[in-house]
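Next up, data.txt (compact mmCIF, C-alpha atoms):
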# COMPACT_ATOMS: atom_id res chain seq x y z
CA ASN A 1 87.66 128.39 113.32
CA ALA A 2 87.62 124.84 114.63
CA GLY A 3 90.00 123.78 111.85
CA VAL A 4 89.84 120.06 111.05
CA THR A 5 87.77 117.95 113.39
CA GLN A 6 87.46 114.18 113.57
CA THR A 7 85.10 111.87 115.40
CA PRO A 8 85.32 109.55 117.19
CA LYS A 9 88.66 109.89 118.97
CA PHE A 10 88.82 106.20 119.72
CA GLN A 11 86.86 103.20 118.50
CA VAL A 12 86.95 99.46 119.05
CA LEU A 13 85.40 97.23 116.39
CA LYS A 14 84.99 93.54 115.93
CA THR A 15 86.14 91.91 112.71
CA GLY A 16 83.49 92.28 110.04
CA GLN A 17 81.79 95.32 111.52
CA SER A 18 81.43 98.50 109.51
CA MET A 19 81.78 102.07 110.64
CA THR A 20 82.27 105.62 109.42
CA LEU A 21 85.01 107.94 110.57
CA GLN A 22 83.89 111.53 110.37
CA CYS A 23 85.99 114.46 109.22
CA ALA A 24 84.96 118.07 108.86
CA GLN A 25 86.77 121.34 108.15
CA ASP A 26 85.53 124.91 108.35
CA MET A 27 88.29 126.58 106.34
CA ASN A 28 86.62 126.22 102.94
CA HIS A 29 89.47 124.01 101.78
CA GLU A 30 89.07 122.29 98.45
CA TYR A 31 91.43 119.42 99.12
CA MET A 32 90.81 116.79 101.78
CA SER A 33 92.51 113.50 102.41
CA TRP A 34 92.67 110.50 104.71
CA TYR A 35 95.90 108.95 105.96
CA ARG A 36 96.61 106.01 108.14
CA GLN A 37 99.60 105.93 110.44
CA ASP A 38 101.17 102.68 111.53
CA PRO A 39 104.38 102.27 113.57
CA GLY A 40 107.43 102.56 111.34
CA MET A 41 105.32 103.15 108.23
CA GLY A 42 104.83 106.89 108.26
CA LEU A 43 101.64 108.40 106.89
CA ARG A 44 100.07 106.57 103.98
CA LEU A 45 97.39 108.13 101.82
CA ILE A 46 94.12 106.20 101.67
CA HIS A 47 91.78 108.42 99.64
CA TYR A 48 91.65 112.05 98.69
CA SER A 49 89.27 114.60 97.24
CA VAL A 50 90.02 117.75 95.24
CA GLY A 51 86.50 119.11 95.66
CA ALA A 52 82.89 118.26 96.35
CA GLY A 53 81.79 115.29 94.27
CA ILE A 54 85.34 114.29 93.33
CA THR A 55 87.26 111.52 95.08
CA ASP A 56 90.13 109.25 94.14
CA GLN A 57 92.29 106.51 95.55
CA GLY A 58 95.61 106.99 97.28
CA GLU A 59 98.32 104.49 98.11
CA VAL A 60 96.31 102.09 100.31
CA PRO A 61 92.59 102.33 99.37
CA ASN A 62 91.51 98.70 99.76
CA GLY A 63 88.80 98.18 102.37
CA TYR A 64 87.83 101.86 102.53
CA ASN A 65 85.24 104.03 100.80
CA VAL A 66 84.85 107.79 100.77
CA SER A 67 82.39 110.35 99.48
CA ARG A 68 82.44 114.14 99.32
CA SER A 69 78.96 115.58 99.08
CA THR A 70 79.93 118.94 100.62
CA THR A 71 83.11 121.01 100.80
CA GLU A 72 83.16 120.66 104.59
CA ASP A 73 82.78 116.90 105.12
CA PHE A 74 84.83 113.91 104.02
CA PRO A 75 83.78 110.70 105.80
CA LEU A 76 85.79 107.49 105.58
CA ARG A 77 83.88 104.22 105.64
CA LEU A 78 85.24 100.87 106.63
CA LEU A 79 83.06 98.31 104.91
CA SER A 80 84.06 95.17 106.81
CA ALA A 81 86.70 95.86 109.44
CA ALA A 82 89.78 93.64 109.60
CA PRO A 83 92.56 93.51 112.25
CA SER A 84 94.95 94.89 109.59
CA GLN A 85 92.96 98.12 109.71
CA THR A 86 93.98 98.75 113.31
CA SER A 87 95.70 102.09 113.01
CA VAL A 88 95.53 105.79 113.72
CA TYR A 89 93.60 107.65 111.04
CA PHE A 90 94.23 111.28 110.22
CA CYS A 91 92.14 113.52 108.05
CA ALA A 92 93.83 116.53 106.48
CA SER A 93 92.82 119.48 104.35
CA SER A 94 94.44 122.27 102.41
CA TYR A 95 93.38 125.01 100.08
CA PHE A 96 94.43 122.98 97.07
CA GLY A 97 96.59 119.90 97.37
CA GLY A 98 100.07 120.46 98.74
CA ARG A 99 100.78 123.15 96.19
CA THR A 100 100.74 126.37 98.08
CA GLU A 101 99.23 125.70 101.42
CA THR A 102 99.94 123.81 104.59
CA GLN A 103 98.02 120.59 105.02
CA TYR A 104 96.12 120.88 108.28
CA PHE A 105 95.64 117.63 110.11
CA GLY A 106 92.79 116.64 112.37
CA PRO A 107 93.46 115.22 115.85
CA GLY A 108 93.19 111.63 114.64
CA THR A 109 91.01 108.61 115.31
CA ARG A 110 92.57 105.60 116.98
CA LEU A 111 90.92 102.42 115.71
CA LEU A 112 91.33 98.97 117.19
CA VAL A 113 89.87 96.00 115.31
CA LEU A 114 89.62 92.80 117.31
CA GLY B 115 104.75 107.12 91.51
CA GLU B 116 106.76 109.07 94.01
CA ASN B 117 108.77 107.29 96.70
CA VAL B 118 110.35 109.08 99.66
CA GLU B 119 113.10 107.51 101.75
CA GLN B 120 113.99 109.04 105.12
CA HIS B 121 117.06 108.48 107.30
CA PRO B 122 117.80 107.86 110.06
CA SER B 123 114.77 106.24 111.63
CA THR B 124 115.96 107.23 115.10
CA LEU B 125 118.33 109.98 116.19
CA SER B 126 119.55 110.82 119.67
CA VAL B 127 121.47 114.02 120.40
CA GLN B 128 122.58 115.99 123.41
CA GLU B 129 120.85 119.25 124.15
CA GLY B 130 122.58 122.04 122.27
CA ASP B 131 123.90 119.80 119.52
CA SER B 132 122.67 119.88 115.93
CA ALA B 133 120.44 117.27 114.30
CA VAL B 134 120.21 116.43 110.61
CA ILE B 135 117.55 114.31 108.94
CA LYS B 136 117.85 113.38 105.29
CA CYS B 137 115.29 112.41 102.67
CA THR B 138 115.53 111.30 99.08
CA TYR B 139 112.77 111.30 96.51
CA SER B 140 112.33 109.46 93.24
CA ASP B 141 110.11 111.67 91.06
CA SER B 142 112.11 114.43 89.42
CA ALA B 143 108.84 116.31 88.84
CA SER B 144 108.30 116.79 92.59
CA ASN B 145 108.53 120.45 93.48
CA TYR B 146 107.26 120.89 97.03
CA PHE B 147 108.97 119.47 100.11
CA PRO B 148 107.43 120.06 103.55
CA TRP B 149 108.58 118.83 106.93
CA TYR B 150 106.13 117.89 109.67
CA LYS B 151 106.69 117.46 113.39
CA GLN B 152 104.54 115.09 115.39
CA GLU B 153 104.71 115.09 119.15
CA LEU B 154 103.59 111.99 121.01
CA GLY B 155 99.84 111.51 120.73
CA LYS B 156 99.39 114.67 118.67
CA ARG B 157 98.69 115.47 115.06
CA PRO B 158 101.45 116.25 112.53
CA GLN B 159 102.15 119.96 112.13
CA LEU B 160 104.09 121.73 109.42
CA ILE B 161 107.35 123.24 110.64
CA ILE B 162 109.01 124.30 107.39
CA ASP B 163 108.73 123.71 103.67
CA ILE B 164 110.76 124.40 100.56
CA ARG B 165 109.97 124.63 96.87
CA SER B 166 112.12 123.48 94.02
CA ASN B 167 113.11 126.99 92.97
CA VAL B 168 114.89 127.52 96.29
CA GLY B 169 118.03 125.78 97.55
CA GLU B 170 117.80 126.62 101.23
CA LYS B 171 115.31 128.08 103.67
CA LYS B 172 115.76 129.02 107.31
CA ASP B 173 113.40 129.72 110.17
CA GLN B 174 115.19 130.48 113.43
CA ARG B 175 116.82 127.20 114.55
CA ILE B 176 115.55 125.07 111.69
CA ALA B 177 116.62 125.02 108.08
CA VAL B 178 115.95 122.90 105.06
CA THR B 179 118.23 122.36 102.08
CA LEU B 180 117.33 120.94 98.70
CA ASN B 181 119.56 119.36 96.06
CA LYS B 182 117.41 118.83 92.97
CA THR B 183 120.16 117.18 90.99
CA ALA B 184 120.68 114.50 93.61
CA LYS B 185 116.99 114.47 94.52
CA HIS B 186 117.51 114.85 98.22
CA PHE B 187 116.57 117.33 100.89
CA SER B 188 117.53 117.67 104.52
CA LEU B 189 116.24 119.16 107.76
CA HIS B 190 118.76 120.82 110.04
CA ILE B 191 117.97 121.71 113.64
CA THR B 192 120.60 123.71 115.51
CA GLU B 193 120.94 124.24 119.26
CA THR B 194 118.50 121.41 119.95
CA GLN B 195 116.25 121.60 122.99
CA PRO B 196 114.29 118.88 124.82
CA GLU B 197 111.07 120.22 123.29
CA ASP B 198 112.44 119.33 119.86
CA SER B 199 111.97 115.67 120.79
CA ALA B 200 109.33 114.31 118.41
CA VAL B 201 108.88 112.34 115.21
CA TYR B 202 109.75 114.28 112.07
CA PHE B 203 108.34 113.44 108.66
CA CYS B 204 109.51 114.65 105.30
CA ALA B 205 107.19 114.65 102.31
CA ALA B 206 107.19 115.43 98.61
CA SER B 207 104.61 116.36 96.03
CA ASN B 208 104.30 117.52 92.48
CA GLY B 209 101.90 120.20 93.53
CA TYR B 210 100.14 121.39 90.44
CA GLY B 211 96.73 120.17 91.47
CA GLY B 212 94.70 117.02 91.35
CA SER B 213 96.52 113.86 92.34
CA GLN B 214 99.79 115.66 91.79
CA GLY B 215 99.08 117.65 94.91
CA ASN B 216 99.14 114.54 97.08
CA LEU B 217 101.87 114.42 99.68
CA ILE B 218 103.97 111.26 99.85
CA PHE B 219 105.58 110.92 103.26
CA GLY B 220 108.78 109.35 104.46
CA LYS B 221 108.55 106.85 107.30
CA GLY B 222 109.65 109.30 109.94
CA THR B 223 112.60 109.98 112.24
CA LYS B 224 112.22 109.80 116.00
CA LEU B 225 114.43 112.53 117.45
CA SER B 226 115.35 112.38 121.11
CA VAL B 227 117.13 115.34 122.70
CA LYS B 228 118.80 114.45 125.98
CA PRO B 229 119.10 117.21 128.60
Take the structure in this file and express it as structure tokens.
Amino acid sequence: NAGVTQTPKFQVLKTGQSMTLQCAQDMNHEYMSWYRQDPGMGLRLIHYSVGAGITDQGEVPNGYNVSRSTTEDFPLRLLSAAPSQTSVYFCASSYFGGRTETQYFGPGTRLLVL
Amino acid sequence: GENVEQHPSTLSVQEGDSAVIKCTYSDSASNYFPWYKQELGKRPQLIIDIRSNVGEKKDQRIAVTLNKTAKHFSLHITETQPEDSAVYFCAASNGYGGSQGNLIFGKGTKLSVKP
């Protein structure tokens, strides 16, 4: 198993550009989520999904969109990048929420918005 | 919604000493409390977790305690080693599915173990 994979590892954007961060898992996990990590702020939940076709907002959803057309993939879209979105983004998955299973994190995507 | 406070933000100990990191949570319905370790440039990884029906759990040199009445839980690392140096995050969730399964994280504690 590859576990949770994310692409790209690093990306530089200009303000106003859009892009999609990719996340995939091969563990047949129902639950997937996106976090952003900023210095001194911990991990903050952006969006999450409890299954294919179902998504919802987390703590900091503004400026981001998600979709979940398959169990395996959960892309995060930045509609119009802003410097405030400079961060490290982690995708995570678990069998179902945090209830009984470890959340497995991807390796992260480091995003710099100029 | 849930709010998790974590203290201290930084902790420096000598090798062999013990380290304690404390977290408090606000939602009395939370019932799952994991701890994650994140080494520099790496992804967070689960090191131990505890559920609300248990007061203490140990795994070799690490242990977690939970006080439901006071709504706080702590991570204890004994006989610290340089490889324990990392950022540690606590989290809480009301894990019965849907949005209640979301983990809310503390802001992290940077632990430095000096040889």
Give the residues of chain B that lie within 10 Å of chain A; count only C-alpha atoms, and format the answer as a PyMOL selection string.
chain B and resi 115+120+123+145-148+150+155-163+165+201-224
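When atom CA of Leu112 of chain A is paired with atom CA of Thr5 of chain A, their separation reads 19.7 Å.
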When you draw a straight line from atom CA of Leu111 of chain A to atom CA of Asn65 of chain A, how long is it in Å?
16.0 Å
Calculate how many Å separate atom CA of Gly130 of chain B from atom CA of Thr194 of chain B, rounding to one decimal.
4.7 Å
At a cut-off of 12 Å, using all atoms listed in the file, what residues contact segment 62-64 of chain A? Leave out same-chain residues fewer than 6 positions from it and give the result as a list in words.
Gly16, Gln17, Ser18, Met19, Thr20, Leu21, Trp34, Tyr35, Arg36, Leu45, Ile46, His47, Tyr48, Asp56, Pro75, Leu76, Arg77, Leu78, Leu79, Ser80, Ala81, Ala82, Pro83, Ser84, Gln85 and Tyr89 of chain A
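Counting only C-alpha atoms, Leu189 of chain B has the following residues at most 9 Å away, ignoring those fewer than 4 positions along the same chain: Ala133, Val134, Ile135, Lys136, Cys137, Trp149, Ile162, Ile176, Ala177, Val178, Thr179 and Cys204 of chain B.
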